[in-house]
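Chemist: File model21.cif below, mmCIF, C-alpha atoms:
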```
data_entry
#
loop_
_atom_site.label_atom_id
_atom_site.label_comp_id
_atom_site.auth_asym_id
_atom_site.auth_seq_id
_atom_site.Cartn_x
_atom_site.Cartn_y
_atom_site.Cartn_z
CA MET J 105 0.00 0.00 0.00
CA LYS J 106 2.88 2.32 0.86
CA LYS J 107 4.54 1.59 -2.50
CA PHE J 108 1.26 2.32 -4.31
CA THR J 109 0.90 5.63 -2.46
CA LEU J 110 4.44 6.65 -3.41
CA LEU J 111 3.82 5.67 -7.04
CA LEU J 112 0.55 7.60 -7.16
CA THR J 113 2.24 10.66 -5.65
CA ALA J 114 5.01 10.44 -8.25
CA LEU J 115 2.51 10.14 -11.12
CA LEU J 116 0.50 13.10 -9.85
CA SER J 117 3.69 15.13 -9.58
CA ILE J 118 4.63 14.27 -13.17
CA ALA J 119 1.12 15.16 -14.37
CA ALA J 120 1.22 18.44 -12.49
CA CYS J 121 4.65 19.15 -13.94
CA ASN J 122 3.39 18.45 -17.48
CA LYS J 123 0.44 20.77 -16.95
CA THR J 124 2.78 23.44 -15.65
CA ASN J 125 5.02 22.98 -18.71
CA GLU J 126 2.00 23.26 -21.03
CA LYS J 127 0.84 26.37 -19.21
CA THR J 128 4.34 27.84 -19.34
CA LYS J 129 4.52 27.13 -23.07
CA ALA J 130 1.14 28.77 -23.67
CA GLU J 131 2.12 31.76 -21.54
CA ARG J 132 5.40 32.03 -23.43
CA TYR J 133 3.52 32.15 -26.72
CA GLU J 134 1.00 34.67 -25.40
CA SER J 135 3.74 36.96 -24.13
CA HIS J 136 4.93 37.46 -27.71
CA LEU J 137 1.50 37.95 -29.27
CA PRO J 138 -0.23 41.34 -29.47
CA ASN J 139 -3.44 41.19 -27.47
CA TYR J 140 -6.30 43.47 -28.37
CA GLY J 141 -9.17 41.31 -27.12
CA ASN J 142 -12.47 40.67 -28.82
CA LEU J 143 -13.54 43.74 -30.77
CA PRO J 144 -17.15 44.88 -30.31
CA LEU J 145 -17.93 44.23 -33.96
CA ASN J 146 -21.63 44.83 -33.42
CA GLU J 147 -20.79 48.44 -32.46
CA VAL J 148 -18.63 49.33 -35.46
CA PHE J 149 -21.28 50.80 -37.77
CA THR J 150 -23.80 53.57 -37.30
CA ALA J 151 -27.27 53.42 -38.80
CA GLU J 152 -26.04 55.84 -41.47
CA ASP J 153 -23.22 53.46 -42.47
CA SER J 154 -25.75 50.74 -43.22
CA GLN J 155 -28.31 53.00 -44.88
CA LEU J 156 -28.82 52.43 -48.59
CA GLN J 157 -31.06 54.40 -50.88
CA HIS J 158 -33.11 52.35 -53.31
CA ALA J 159 -32.24 49.16 -51.42
CA ASP J 160 -34.87 47.17 -53.29
CA SER J 161 -33.41 48.04 -56.69
CA VAL J 162 -29.87 47.26 -55.47
CA LYS J 163 -30.98 43.90 -54.10
CA ARG J 164 -32.75 43.19 -57.40
CA ILE J 165 -29.51 43.84 -59.33
CA LEU J 166 -27.54 41.69 -56.87
CA ASN J 167 -29.95 38.79 -57.23
CA THR J 168 -29.97 39.19 -61.03
CA TYR J 169 -26.18 39.06 -60.95
CA TYR J 170 -26.19 35.88 -58.86
CA ASP J 171 -28.82 34.17 -61.02
CA LYS J 172 -27.09 34.97 -64.31
CA VAL J 173 -23.44 34.59 -63.32
CA TRP J 174 -23.42 31.97 -60.53
CA ASP J 175 -26.52 29.85 -61.06
CA LYS J 176 -26.47 29.82 -64.87
CA GLY J 177 -22.69 29.61 -64.85
CA ASN J 178 -22.84 26.56 -62.55
CA LEU J 179 -20.28 28.09 -60.19
CA SER J 180 -19.50 26.56 -56.81
CA GLY J 181 -18.92 28.60 -53.65
CA GLY J 182 -20.39 31.52 -51.74
CA VAL J 183 -21.05 35.25 -52.09
CA ILE J 184 -21.75 38.03 -49.60
CA VAL J 185 -22.36 41.71 -50.28
CA ALA J 186 -22.83 43.99 -47.27
CA LYS J 187 -23.11 47.70 -46.58
CA GLY J 188 -22.21 48.40 -42.99
CA ASP J 189 -23.81 45.62 -40.99
CA SER J 190 -26.63 45.15 -43.50
CA ILE J 191 -26.18 42.03 -45.64
CA LEU J 192 -27.72 42.64 -49.06
CA LEU J 193 -26.81 39.34 -50.71
CA GLU J 194 -25.72 36.00 -49.26
CA ARG J 195 -25.91 32.84 -51.37
CA TYR J 196 -24.17 29.44 -51.52
CA ARG J 197 -24.10 26.58 -54.00
CA GLY J 198 -22.03 23.54 -54.91
CA PHE J 199 -20.00 21.03 -52.92
CA ALA J 200 -16.80 21.25 -50.87
CA ARG J 201 -15.50 17.74 -51.58
CA GLU J 202 -15.52 15.28 -54.47
CA ASN J 203 -18.44 12.94 -55.16
CA LYS J 204 -20.78 15.80 -54.23
CA GLU J 205 -19.95 15.47 -50.57
CA LYS J 206 -20.29 18.31 -48.06
CA PRO J 207 -22.69 20.87 -49.60
CA ILE J 208 -21.27 24.38 -49.35
CA GLY J 209 -23.03 26.53 -46.75
CA PRO J 210 -22.37 29.43 -44.36
CA HIS J 211 -19.84 27.44 -42.28
CA THR J 212 -17.91 25.80 -45.13
CA ALA J 213 -14.35 27.14 -45.11
CA MET J 214 -12.77 27.37 -48.57
CA HIS J 215 -9.36 28.36 -49.83
CA VAL J 216 -9.21 32.08 -50.61
CA ALA J 217 -5.70 31.90 -52.12
CA SER J 218 -4.14 35.39 -52.34
CA VAL J 219 -7.00 36.95 -50.40
CA SER J 220 -4.90 35.52 -47.55
CA LYS J 221 -2.46 38.40 -48.12
CA PRO J 222 -4.57 41.15 -46.46
CA MET J 223 -4.89 38.95 -43.35
CA THR J 224 -1.16 38.19 -43.25
CA ALA J 225 -0.52 41.92 -43.63
CA MET J 226 -2.83 42.72 -40.71
CA ALA J 227 -0.96 40.29 -38.45
CA VAL J 228 2.32 41.99 -39.37
CA MET J 229 0.84 45.44 -38.80
CA LYS J 230 -0.36 44.31 -35.35
CA LEU J 231 3.24 43.38 -34.51
CA ILE J 232 4.39 46.80 -35.70
CA GLU J 233 1.70 48.48 -33.59
CA ALA J 234 2.86 46.47 -30.58
CA GLY J 235 6.47 47.63 -31.11
CA LYS J 236 7.71 44.08 -31.74
CA LEU J 237 8.66 44.81 -35.35
CA GLN J 238 9.63 47.86 -37.41
CA LEU J 239 8.44 48.77 -40.91
CA LYS J 240 11.94 49.79 -42.00
CA GLN J 241 13.56 46.74 -40.41
CA PRO J 242 15.95 44.91 -42.79
CA LEU J 243 15.30 41.21 -43.19
CA THR J 244 18.97 40.56 -42.42
CA THR J 245 18.18 41.41 -38.78
CA LEU J 246 15.55 38.67 -38.72
CA PHE J 247 17.12 35.98 -40.90
CA PRO J 248 20.91 35.56 -40.48
CA GLY J 249 22.60 35.10 -43.85
CA PHE J 250 19.69 36.54 -45.84
CA PRO J 251 21.42 37.52 -49.10
CA TYR J 252 19.35 40.60 -50.01
CA PRO J 253 20.60 43.32 -47.61
CA ASP J 254 18.43 46.16 -48.92
CA VAL J 255 15.07 44.41 -48.45
CA THR J 256 12.90 45.55 -45.52
CA VAL J 257 9.63 44.43 -43.95
CA GLU J 258 7.91 47.43 -45.54
CA MET J 259 9.00 46.39 -49.04
CA LEU J 260 7.49 42.94 -48.55
CA LEU J 261 4.17 44.41 -47.46
CA LYS J 262 4.07 46.80 -50.43
CA GLN J 263 5.23 44.23 -53.02
CA ARG J 264 8.33 46.32 -53.76
CA SER J 265 11.14 44.01 -52.62
CA GLY J 266 12.26 42.88 -56.07
CA LEU J 267 12.82 39.38 -54.67
CA PRO J 268 12.60 36.41 -57.04
CA LYS J 269 9.37 34.42 -57.14
CA TYR J 270 9.66 31.17 -55.22
CA GLU J 271 7.43 29.37 -57.73
CA HIS J 272 10.04 30.11 -60.40
CA PHE J 273 13.31 29.38 -58.63
CA LEU J 274 11.95 26.21 -57.01
CA ALA J 275 10.73 24.98 -60.41
CA GLU J 276 14.20 25.60 -61.82
CA ALA J 277 15.67 23.67 -58.88
CA LYS J 278 13.61 20.64 -59.98
CA LEU J 279 12.74 19.64 -56.44
CA PRO J 280 10.64 16.48 -55.90
CA ARG J 281 7.00 17.12 -56.76
CA ASP J 282 5.74 14.57 -54.25
CA LYS J 283 7.21 16.27 -51.15
CA PHE J 284 5.56 19.33 -49.66
CA ILE J 285 7.80 22.39 -49.43
CA THR J 286 7.68 24.61 -46.34
CA ASN J 287 8.20 28.34 -45.88
CA GLU J 288 11.38 27.61 -43.95
CA GLU J 289 12.73 25.57 -46.86
CA ILE J 290 12.06 28.49 -49.21
CA LEU J 291 14.07 30.78 -46.92
CA GLN J 292 16.92 28.30 -46.58
CA TYR J 293 17.05 27.81 -50.35
CA MET J 294 17.34 31.58 -50.81
CA ILE J 295 20.14 31.76 -48.24
CA GLU J 296 22.08 28.84 -49.68
CA HIS J 297 21.57 29.36 -53.43
CA LYS J 298 21.03 33.15 -53.59
CA PRO J 299 18.73 33.19 -56.65
CA GLY J 300 19.06 36.48 -58.50
CA ALA J 301 16.72 39.32 -57.61
CA ALA J 302 14.06 40.11 -60.20
CA ARG J 303 14.78 43.84 -59.84
CA ALA J 304 16.54 46.24 -57.48
CA ALA J 305 14.82 46.64 -54.12
CA ASP J 306 12.22 49.40 -53.82
CA THR J 307 12.43 50.49 -57.46
CA GLY J 308 8.88 49.55 -58.39
CA PHE J 309 5.94 47.23 -57.89
CA MET J 310 6.28 43.53 -58.64
CA TYR J 311 3.63 41.12 -57.40
CA CYS J 312 5.54 38.31 -55.71
CA ASN J 313 4.31 35.50 -53.46
CA THR J 314 7.77 35.23 -51.91
CA ASN J 315 7.11 38.50 -50.07
CA PHE J 316 4.17 37.12 -48.12
CA ALA J 317 5.69 33.68 -47.56
CA LEU J 318 8.55 35.52 -45.83
CA LEU J 319 6.13 37.73 -43.88
CA ALA J 320 4.58 34.56 -42.42
CA LEU J 321 8.06 33.49 -41.28
CA ILE J 322 8.57 36.93 -39.74
CA VAL J 323 5.36 36.48 -37.74
CA GLU J 324 6.71 33.12 -36.54
CA LYS J 325 10.11 34.58 -35.70
CA VAL J 326 8.77 37.53 -33.72
CA THR J 327 5.96 35.71 -31.90
CA LYS J 328 7.91 32.48 -31.42
CA THR J 329 4.68 30.78 -32.48
CA PRO J 330 3.88 28.68 -35.57
CA PHE J 331 2.08 30.85 -38.12
CA PRO J 332 -1.19 28.83 -38.08
CA ALA J 333 -1.40 29.24 -34.27
CA ALA J 334 -0.34 32.89 -34.38
CA MET J 335 -3.10 33.70 -36.88
CA GLN J 336 -5.63 31.99 -34.64
CA GLU J 337 -4.56 34.04 -31.63
CA MET J 338 -3.98 37.39 -33.39
CA VAL J 339 -6.75 37.44 -36.00
CA PHE J 340 -9.26 34.60 -36.10
CA LYS J 341 -10.15 34.17 -32.41
CA PRO J 342 -10.38 37.87 -31.49
CA LEU J 343 -12.66 38.47 -34.48
CA LYS J 344 -14.68 35.29 -33.80
CA MET J 345 -13.79 33.90 -37.22
CA THR J 346 -14.64 30.48 -35.86
CA ASP J 347 -14.61 28.64 -39.21
CA SER J 348 -11.22 29.98 -40.35
CA PHE J 349 -7.81 28.30 -40.27
CA ILE J 350 -4.46 28.02 -42.02
CA PHE J 351 -4.37 24.89 -44.16
CA GLN J 352 -1.87 22.24 -43.01
CA GLU J 353 -1.14 18.64 -43.96
CA GLN J 354 -3.46 17.43 -41.20
CA ASP J 355 -6.39 19.12 -43.02
CA ILE J 356 -6.00 17.34 -46.37
CA ASN J 357 -8.67 14.73 -45.71
CA SER J 358 -11.27 17.12 -44.31
CA ALA J 359 -10.81 20.60 -45.82
CA ALA J 360 -12.69 21.84 -48.87
CA GLN J 361 -11.11 20.73 -52.13
CA SER J 362 -10.84 22.62 -55.40
CA PHE J 363 -11.87 21.48 -58.86
CA PHE J 364 -11.31 22.14 -62.53
CA ASN J 365 -14.15 23.85 -64.33
CA ASN J 366 -15.39 20.46 -65.57
CA GLY J 367 -15.71 19.23 -61.98
CA ARG J 368 -12.59 17.05 -61.94
CA LEU J 369 -10.63 17.23 -58.68
CA TYR J 370 -7.59 19.51 -58.75
CA PRO J 371 -4.65 17.54 -57.28
CA LEU J 372 -2.34 18.95 -54.62
CA ASP J 373 1.29 19.68 -55.46
CA ASN J 374 4.50 20.42 -53.57
CA LEU J 375 3.66 24.12 -53.00
CA ASP J 376 0.33 23.48 -51.32
CA LEU J 377 1.51 23.92 -47.73
CA VAL J 378 3.27 27.27 -48.23
CA TYR J 379 1.35 29.89 -46.25
CA GLY J 380 1.21 33.66 -45.81
CA ASP J 381 0.75 34.28 -49.52
CA LYS J 382 -2.17 31.81 -49.55
CA ASN J 383 -3.74 28.99 -47.50
CA VAL J 384 -6.24 30.88 -45.38
CA TYR J 385 -9.39 28.76 -45.48
CA THR J 386 -12.39 30.84 -44.50
CA THR J 387 -16.04 31.58 -45.21
CA PRO J 388 -17.76 34.65 -46.64
CA ARG J 389 -19.24 35.31 -43.18
CA ASP J 390 -15.85 35.11 -41.45
CA LEU J 391 -14.23 37.29 -44.10
CA LEU J 392 -17.01 39.82 -43.52
CA LYS J 393 -16.04 39.86 -39.82
CA PHE J 394 -12.46 40.61 -40.85
CA SER J 395 -13.66 43.42 -43.09
CA THR J 396 -15.88 44.78 -40.32
CA ALA J 397 -12.90 44.81 -37.95
CA MET J 398 -10.94 46.93 -40.42
CA PHE J 399 -13.74 49.49 -40.32
CA SER J 400 -13.36 49.61 -36.53
CA LYS J 401 -11.18 52.25 -34.86
CA ASP J 402 -10.17 49.60 -32.29
CA PHE J 403 -8.60 47.07 -34.66
CA LEU J 404 -5.44 48.95 -35.61
CA ARG J 405 -3.99 52.35 -34.74
CA LYS J 406 -5.39 54.95 -37.17
CA ASP J 407 -2.08 56.04 -38.68
CA LEU J 408 -1.23 52.43 -39.46
CA MET J 409 -4.69 51.68 -40.84
CA ASP J 410 -4.50 54.75 -43.09
CA MET J 411 -1.23 53.46 -44.53
CA ILE J 412 -2.87 50.27 -45.76
CA PHE J 413 -4.95 52.00 -48.41
CA GLU J 414 -2.33 54.38 -49.81
CA PRO J 415 -0.90 53.69 -53.29
CA TYR J 416 2.86 53.18 -53.07
CA SER J 417 3.95 52.28 -56.59
CA ASN J 418 3.69 55.49 -58.57
CA GLU J 419 6.73 55.24 -60.85
CA LYS J 420 4.49 54.62 -63.85
CA PRO J 421 1.17 56.35 -64.57
CA GLY J 422 -1.86 54.11 -64.53
CA VAL J 423 -4.96 53.05 -62.64
CA ASN J 424 -3.56 49.90 -60.98
CA ASN J 425 -1.58 50.18 -57.75
CA TYR J 426 -0.84 48.40 -54.48
CA GLY J 427 -1.09 49.47 -50.85
CA ILE J 428 -0.22 47.22 -47.91
CA GLY J 429 -1.70 43.80 -48.62
CA PHE J 430 -4.33 45.34 -50.90
CA ARG J 431 -4.60 45.94 -54.61
CA MET J 432 -6.26 49.16 -55.68
CA LYS J 433 -7.46 51.10 -58.68
CA VAL J 434 -6.96 54.84 -58.36
CA PHE J 435 -9.12 56.69 -60.87
CA ASP J 436 -8.47 60.12 -62.37
CA ASN J 437 -11.31 61.64 -60.35
CA GLY J 438 -9.59 60.59 -57.10
CA GLU J 439 -11.92 57.68 -56.36
CA LYS J 440 -10.31 54.42 -55.27
CA LEU J 441 -11.30 50.76 -55.48
CA THR J 442 -9.52 48.70 -52.80
CA TYR J 443 -9.60 44.92 -53.10
CA HIS J 444 -7.64 41.71 -53.49
CA ASN J 445 -8.29 38.77 -55.76
CA GLY J 446 -7.10 35.22 -55.27
CA TRP J 447 -6.34 32.22 -57.43
CA TRP J 448 -4.72 28.88 -56.64
CA HIS J 449 -5.46 25.66 -58.52
CA GLY J 450 -9.26 25.52 -58.78
CA SER J 451 -9.95 28.23 -56.20
CA ASN J 452 -10.87 31.82 -57.08
CA ALA J 453 -11.72 34.59 -54.62
CA VAL J 454 -12.63 38.27 -54.46
CA PHE J 455 -12.45 40.52 -51.41
CA ALA J 456 -13.37 44.18 -51.87
CA HIS J 457 -13.18 46.41 -48.78
CA LEU J 458 -14.40 49.95 -49.48
CA PRO J 459 -13.59 52.38 -46.63
CA LYS J 460 -15.57 55.25 -48.14
CA SER J 461 -18.95 53.52 -48.56
CA LYS J 462 -18.39 50.91 -45.80
CA VAL J 463 -19.16 48.19 -48.33
CA THR J 464 -17.73 44.67 -48.45
CA VAL J 465 -17.96 42.33 -51.44
CA ILE J 466 -16.82 38.72 -51.02
CA ALA J 467 -16.90 35.83 -53.47
CA ILE J 468 -15.20 32.47 -52.95
CA GLY J 469 -15.30 29.76 -55.61
CA ASN J 470 -13.81 26.26 -55.46
CA LYS J 471 -14.49 25.22 -59.09
CA TYR J 472 -12.19 27.20 -61.35
CA SER J 473 -13.87 30.03 -63.25
CA GLN J 474 -12.76 33.59 -63.98
CA ARG J 475 -16.43 34.54 -63.71
CA VAL J 476 -15.97 34.55 -59.93
CA TYR J 477 -13.95 37.76 -60.35
CA SER J 478 -17.01 39.47 -61.80
CA ALA J 479 -18.16 39.99 -58.20
CA LEU J 480 -15.74 42.92 -58.11
CA SER J 481 -18.11 44.70 -60.49
CA LEU J 482 -20.72 44.94 -57.74
CA THR J 483 -18.65 47.67 -56.07
CA GLY J 484 -19.88 50.01 -58.82
CA LEU J 485 -23.30 50.02 -57.19
CA PHE J 486 -21.92 51.84 -54.16
CA GLU J 487 -18.95 54.03 -55.13
CA ASP J 488 -18.54 57.16 -57.26
CA PHE J 489 -16.32 55.63 -59.91
CA PRO J 490 -15.94 57.36 -63.31
CA ILE J 491 -19.09 57.03 -65.41
CA GLU J 492 -17.48 54.76 -68.03
CA THR J 493 -16.31 52.44 -65.26
CA LYS J 494 -19.75 52.39 -63.66
CA LYS J 495 -21.32 51.43 -67.00
CA MET J 496 -18.81 48.65 -67.38
CA LEU J 497 -19.47 47.46 -63.85
CA LYS J 498 -23.21 47.46 -64.38
CA SER J 499 -22.92 45.37 -67.55
CA ILE J 500 -20.76 42.85 -65.70
CA ALA J 501 -23.15 42.76 -62.73
CA GLN J 502 -25.95 41.90 -65.12
CA GLY J 503 -23.90 39.03 -66.53
CA GLU J 504 -23.46 40.58 -69.96
CA SER J 505 -19.72 40.89 -70.58
CA SER J 506 -16.66 38.84 -69.69
CA VAL J 507 -14.45 40.87 -72.08
CA GLU J 508 -15.30 44.05 -70.20
CA MET J 509 -14.47 42.28 -66.95
CA ASP J 510 -10.95 41.59 -68.24
CA LYS J 511 -10.58 45.29 -69.07
CA LEU J 512 -11.73 46.26 -65.59
CA LEU J 513 -9.39 43.93 -63.78
CA GLY J 514 -6.44 44.83 -65.98
CA GLU J 515 -4.62 41.73 -64.70
#
```
What would the structure in this file look like if it were written as structure tokens?
Modeler:
Amino acid sequence: MKKFTLLLTALLSIAACNKTNEKTKAERYESHLPNYGNLPLNEVFTAEDSQLQHADSVKRILNTYYDKVWDKGNLSGGVIVAKGDSILLERYRGFARENKEKPIGPHTAMHVASVSKPMTAMAVMKLIEAGKLQLKQPLTTLFPGFPYPDVTVEMLLKQRSGLPKYEHFLAEAKLPRDKFITNEEILQYMIEHKPGAARAADTGFMYCNTNFALLALIVEKVTKTPFPAAMQEMVFKPLKMTDSFIFQEQDINSAAQSFFNNGRLYPLDNLDLVYGDKNVYTTPRDLLKFSTAMFSKDFLRKDLMDMIFEPYSNEKPGVNNYGIGFRMKVFDNGEKLTYHNGWWHGSNAVFAHLPKSKVTVIAIGNKYSQRVYSALSLTGLFEDFPIETKKMLKSIAQGESSVEMDKLLGE
């Protein structure tokens, strides 16, 4: 009996020690993560923000758009259009997994591809706000041996680093296609092989997924937390984005899949676990919560939030530009369309966040079709874009012109 008592005491001590270690580990993570608590998202908008003249006619156009473009186009995914906290359109169709399994609904998380970039950018900006990271900080201070001494955190965020695209230099390296590549392996390849820069740092805009894959590693480095967990603690949980996550190997057998336009499953490849530039899986409702948070004065310090929607690549005249994690179109009359599109394999996504009109447009498709991007045209119902642009947008919203959509996107 005495031996049993001693054994039980020892086991309890070990269990208590393990719990203490787990708690210490959690506390260690939390000490490196900016904490801004749960935002009162239901208090963000005033009645005026959600007010819409001729709401019936707008809803009629939105439903016409959905019927002609999504239903008749046999698209698969979900759409939300909201002004303030008033949802004007919310529809879902299709299936998340092959063999018509898992019908897509409000809680079905899908891959939003490069629409992940605004969320990665917000996590980085939260670290800057917390004083744990500097905009002008060279990457050489974060990654010993990084062979591009002029590149800073700010250049990554603004797509102005000039770094080579990892998709290109990894393809040239002819790495095994059946082994998933990680963000850390991308960094180590750059350090060891020093692939040539695409252009000199900060000399102009160049859209490059490498920038945001490295930003995810910066989040990990600064927070001492794996990026998927850091995003949960810094973005998803505080905003109650309960259906959102960063895709990992453990999710392959349960997460929404993507498909070719003919419905055939799109296979995974060796770049499918790289995150930061892509791999946020979320829903239109959760993405609306993220958009709502960015309208809130409590989400990010005002001077930092204002920076996000400024155009930073002005070397060449033109409508298209980039802010911090957001694409934009700056029209001659001073009006601005702020958004980000996404594409990866069979997934397409649109996320338009319009600070002026407090409008959000979200479309997520998991069966490849460029028609998903036509959702961007719906912004023309709410903003004072040039008249020729508004006419173009209206024709797209009514499902009349894919050629005009290509002109609008300019990409």
Chemist: Check the smallest atom-to-atom distance from each of J:Asn425, J:Asn357, J:Asn313, J:Ser400 to Phe149 (chain J) using only C-alpha atoms, then report the winner.
Modeler: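 That would be J:Ser400, the residue with the smallest distance to Phe149 (chain J).
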Chemist: Given the file above and the PyMOL selection byres ((chain J and resi 371-384) around 9), which residues are selected, and can you give them as a PyMOL selection string?
Modeler: chain J and resi 213-221+223-225+271+279-287+290+312-321+331-332+348-353+361-363+369-370+385-386+446-449
Chemist: Can you pull out the residues contacting Asp347 (chain J)? Cut-off 12 Å, using all atoms listed in the file, and skip same-chain residues under 5 positions away; I want them as a compact mmCIF listing (two decimals) with C-alpha atoms, keeping the file's coordinate frame.
Modeler:
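Final output, selection.txt:
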```
# COMPACT_ATOMS: atom_id res chain seq x y z
CA GLY J 209 -23.03 26.53 -46.75
CA PRO J 210 -22.37 29.43 -44.36
CA HIS J 211 -19.84 27.44 -42.28
CA THR J 212 -17.91 25.80 -45.13
CA ALA J 213 -14.35 27.14 -45.11
CA MET J 214 -12.77 27.37 -48.57
CA HIS J 215 -9.36 28.36 -49.83
CA GLN J 336 -5.63 31.99 -34.64
CA PHE J 340 -9.26 34.60 -36.10
CA LYS J 341 -10.15 34.17 -32.41
CA ALA J 359 -10.81 20.60 -45.82
CA ALA J 360 -12.69 21.84 -48.87
CA VAL J 384 -6.24 30.88 -45.38
CA TYR J 385 -9.39 28.76 -45.48
CA THR J 386 -12.39 30.84 -44.50
CA THR J 387 -16.04 31.58 -45.21
CA PRO J 388 -17.76 34.65 -46.64
CA ARG J 389 -19.24 35.31 -43.18
CA ASP J 390 -15.85 35.11 -41.45
CA LEU J 391 -14.23 37.29 -44.10
CA LYS J 393 -16.04 39.86 -39.82
```
Chemist: To verify the selection step, state as a PDB file with C-alpha atoms, in the coordinates of the input which residues the PyMOL selection byres ((chain J and resi 194) around 8) yields on this input.
Modeler:
```pdb
ATOM      1  CA  GLY J 182     -20.390  31.520 -51.740  1.00  0.00           C
ATOM      2  CA  VAL J 183     -21.050  35.250 -52.090  1.00  0.00           C
ATOM      3  CA  ILE J 184     -21.750  38.030 -49.600  1.00  0.00           C
ATOM      4  CA  VAL J 185     -22.360  41.710 -50.280  1.00  0.00           C
ATOM      5  CA  ILE J 191     -26.180  42.030 -45.640  1.00  0.00           C
ATOM      6  CA  LEU J 192     -27.720  42.640 -49.060  1.00  0.00           C
ATOM      7  CA  LEU J 193     -26.810  39.340 -50.710  1.00  0.00           C
ATOM      8  CA  ARG J 195     -25.910  32.840 -51.370  1.00  0.00           C
ATOM      9  CA  TYR J 196     -24.170  29.440 -51.520  1.00  0.00           C
TER      10      TYR J 196
END
```
Chemist: Separation of CA of Gly438 (chain J) and CA of Lys420 (chain J), in Å?
Modeler: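 Atom-to-atom, CA of Gly438 (chain J) and CA of Lys420 (chain J) are spaced 16.7 Å apart.
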Chemist: Any idea what the distance is between CA of Tyr252 (chain J) and CA of Phe273 (chain J)?
Modeler: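 Taking CA of Tyr252 (chain J) and CA of Phe273 (chain J), their separation equals 15.4 Å.
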Chemist: Fewer than 3 positions away in the same chain doesn't count, so skip those; otherwise give me all residues within 9 Å of Gly188 (chain J), counting all atoms listed in the file, as a PDB file with C-alpha atoms, in the frame of the given file.
Modeler:
```
ATOM      1  CA  VAL J 148     -18.630  49.330 -35.460  1.00  0.00           C
ATOM      2  CA  PHE J 149     -21.280  50.800 -37.770  1.00  0.00           C
ATOM      3  CA  THR J 150     -23.800  53.570 -37.300  1.00  0.00           C
ATOM      4  CA  ALA J 151     -27.270  53.420 -38.800  1.00  0.00           C
ATOM      5  CA  GLU J 152     -26.040  55.840 -41.470  1.00  0.00           C
ATOM      6  CA  ASP J 153     -23.220  53.460 -42.470  1.00  0.00           C
ATOM      7  CA  SER J 154     -25.750  50.740 -43.220  1.00  0.00           C
ATOM      8  CA  GLN J 155     -28.310  53.000 -44.880  1.00  0.00           C
ATOM      9  CA  ILE J 191     -26.180  42.030 -45.640  1.00  0.00           C
ATOM     10  CA  THR J 396     -15.880  44.780 -40.320  1.00  0.00           C
ATOM     11  CA  PHE J 399     -13.740  49.490 -40.320  1.00  0.00           C
ATOM     12  CA  SER J 461     -18.950  53.520 -48.560  1.00  0.00           C
ATOM     13  CA  LYS J 462     -18.390  50.910 -45.800  1.00  0.00           C
ATOM     14  CA  VAL J 463     -19.160  48.190 -48.330  1.00  0.00           C
ATOM     15  CA  THR J 464     -17.730  44.670 -48.450  1.00  0.00           C
TER      16      THR J 464
END
```
Chemist: Excluding region 230-247 of chain J and residues on its chain fewer than 5 positions from it, collect all residues at most 8 Å away from it, counting all atoms listed in the file, and give them as a ChimeraX atom specification.
Modeler: /J:137-138,252-258,322-323,325-326,404-405,408
Chemist: Using all atoms listed in the file for the distances, tell me which of J:Met294, J:Lys206, J:Leu166, J:Ala227 is nearest to Pro248 (chain J).
Modeler: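 Between J:Met294, J:Lys206, J:Leu166, J:Ala227, the residue approaching Pro248 (chain J) most closely is J:Met294.
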Chemist: Work out how far apart CA of Phe309 (chain J) and CA of Pro421 (chain J) are and give it in Å to one decimal.
Modeler: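 Between CA of Phe309 (chain J) and CA of Pro421 (chain J) the gap works out to 12.3 Å.
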Chemist: Which is closer to Asn142 (chain J) than all the others in J:Asp402, J:Glu202, J:Glu296, J:Asp175, using only C-alpha atoms?
Modeler: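 Selected residue with least distance to Asn142 (chain J): J:Asp402.
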Chemist: Place a sphere of radius 6 Å on (-14.4, 56.3, -51.5) in the file coordinates and name every protein, DNA or RNA residue with an atom inside or on its surface, counting all atoms listed in the file; give the answer as a PyMOL selection string.
Modeler: chain J and resi 439-440+460
Chemist: As an mmCIF file with C-alpha atoms, in the frame of the given file, please: the residues near Tyr426 (chain J) (cut-off 10 Å, only C-alpha atoms, same-chain neighbours under 3 positions excluded).
Modeler:
```cif
data_model
loop_
_atom_site.group_PDB
_atom_site.id
_atom_site.type_symbol
_atom_site.label_atom_id
_atom_site.label_comp_id
_atom_site.auth_asym_id
_atom_site.auth_seq_id
_atom_site.Cartn_x
_atom_site.Cartn_y
_atom_site.Cartn_z
ATOM 1 C CA LEU J 261 4.170 44.410 -47.460
ATOM 2 C CA LYS J 262 4.070 46.800 -50.430
ATOM 3 C CA GLN J 263 5.230 44.230 -53.020
ATOM 4 C CA ARG J 264 8.330 46.320 -53.760
ATOM 5 C CA PHE J 309 5.940 47.230 -57.890
ATOM 6 C CA MET J 310 6.280 43.530 -58.640
ATOM 7 C CA TYR J 311 3.630 41.120 -57.400
ATOM 8 C CA ILE J 412 -2.870 50.270 -45.760
ATOM 9 C CA PHE J 413 -4.950 52.000 -48.410
ATOM 10 C CA GLU J 414 -2.330 54.380 -49.810
ATOM 11 C CA PRO J 415 -0.900 53.690 -53.290
ATOM 12 C CA TYR J 416 2.860 53.180 -53.070
ATOM 13 C CA SER J 417 3.950 52.280 -56.590
ATOM 14 C CA ASN J 418 3.690 55.490 -58.570
ATOM 15 C CA GLY J 429 -1.700 43.800 -48.620
ATOM 16 C CA PHE J 430 -4.330 45.340 -50.900
ATOM 17 C CA ARG J 431 -4.600 45.940 -54.610
ATOM 18 C CA MET J 432 -6.260 49.160 -55.680
ATOM 19 C CA LYS J 433 -7.460 51.100 -58.680
ATOM 20 C CA VAL J 434 -6.960 54.840 -58.360
ATOM 21 C CA THR J 442 -9.520 48.700 -52.800
ATOM 22 C CA TYR J 443 -9.600 44.920 -53.100
ATOM 23 C CA HIS J 444 -7.640 41.710 -53.490
#
```
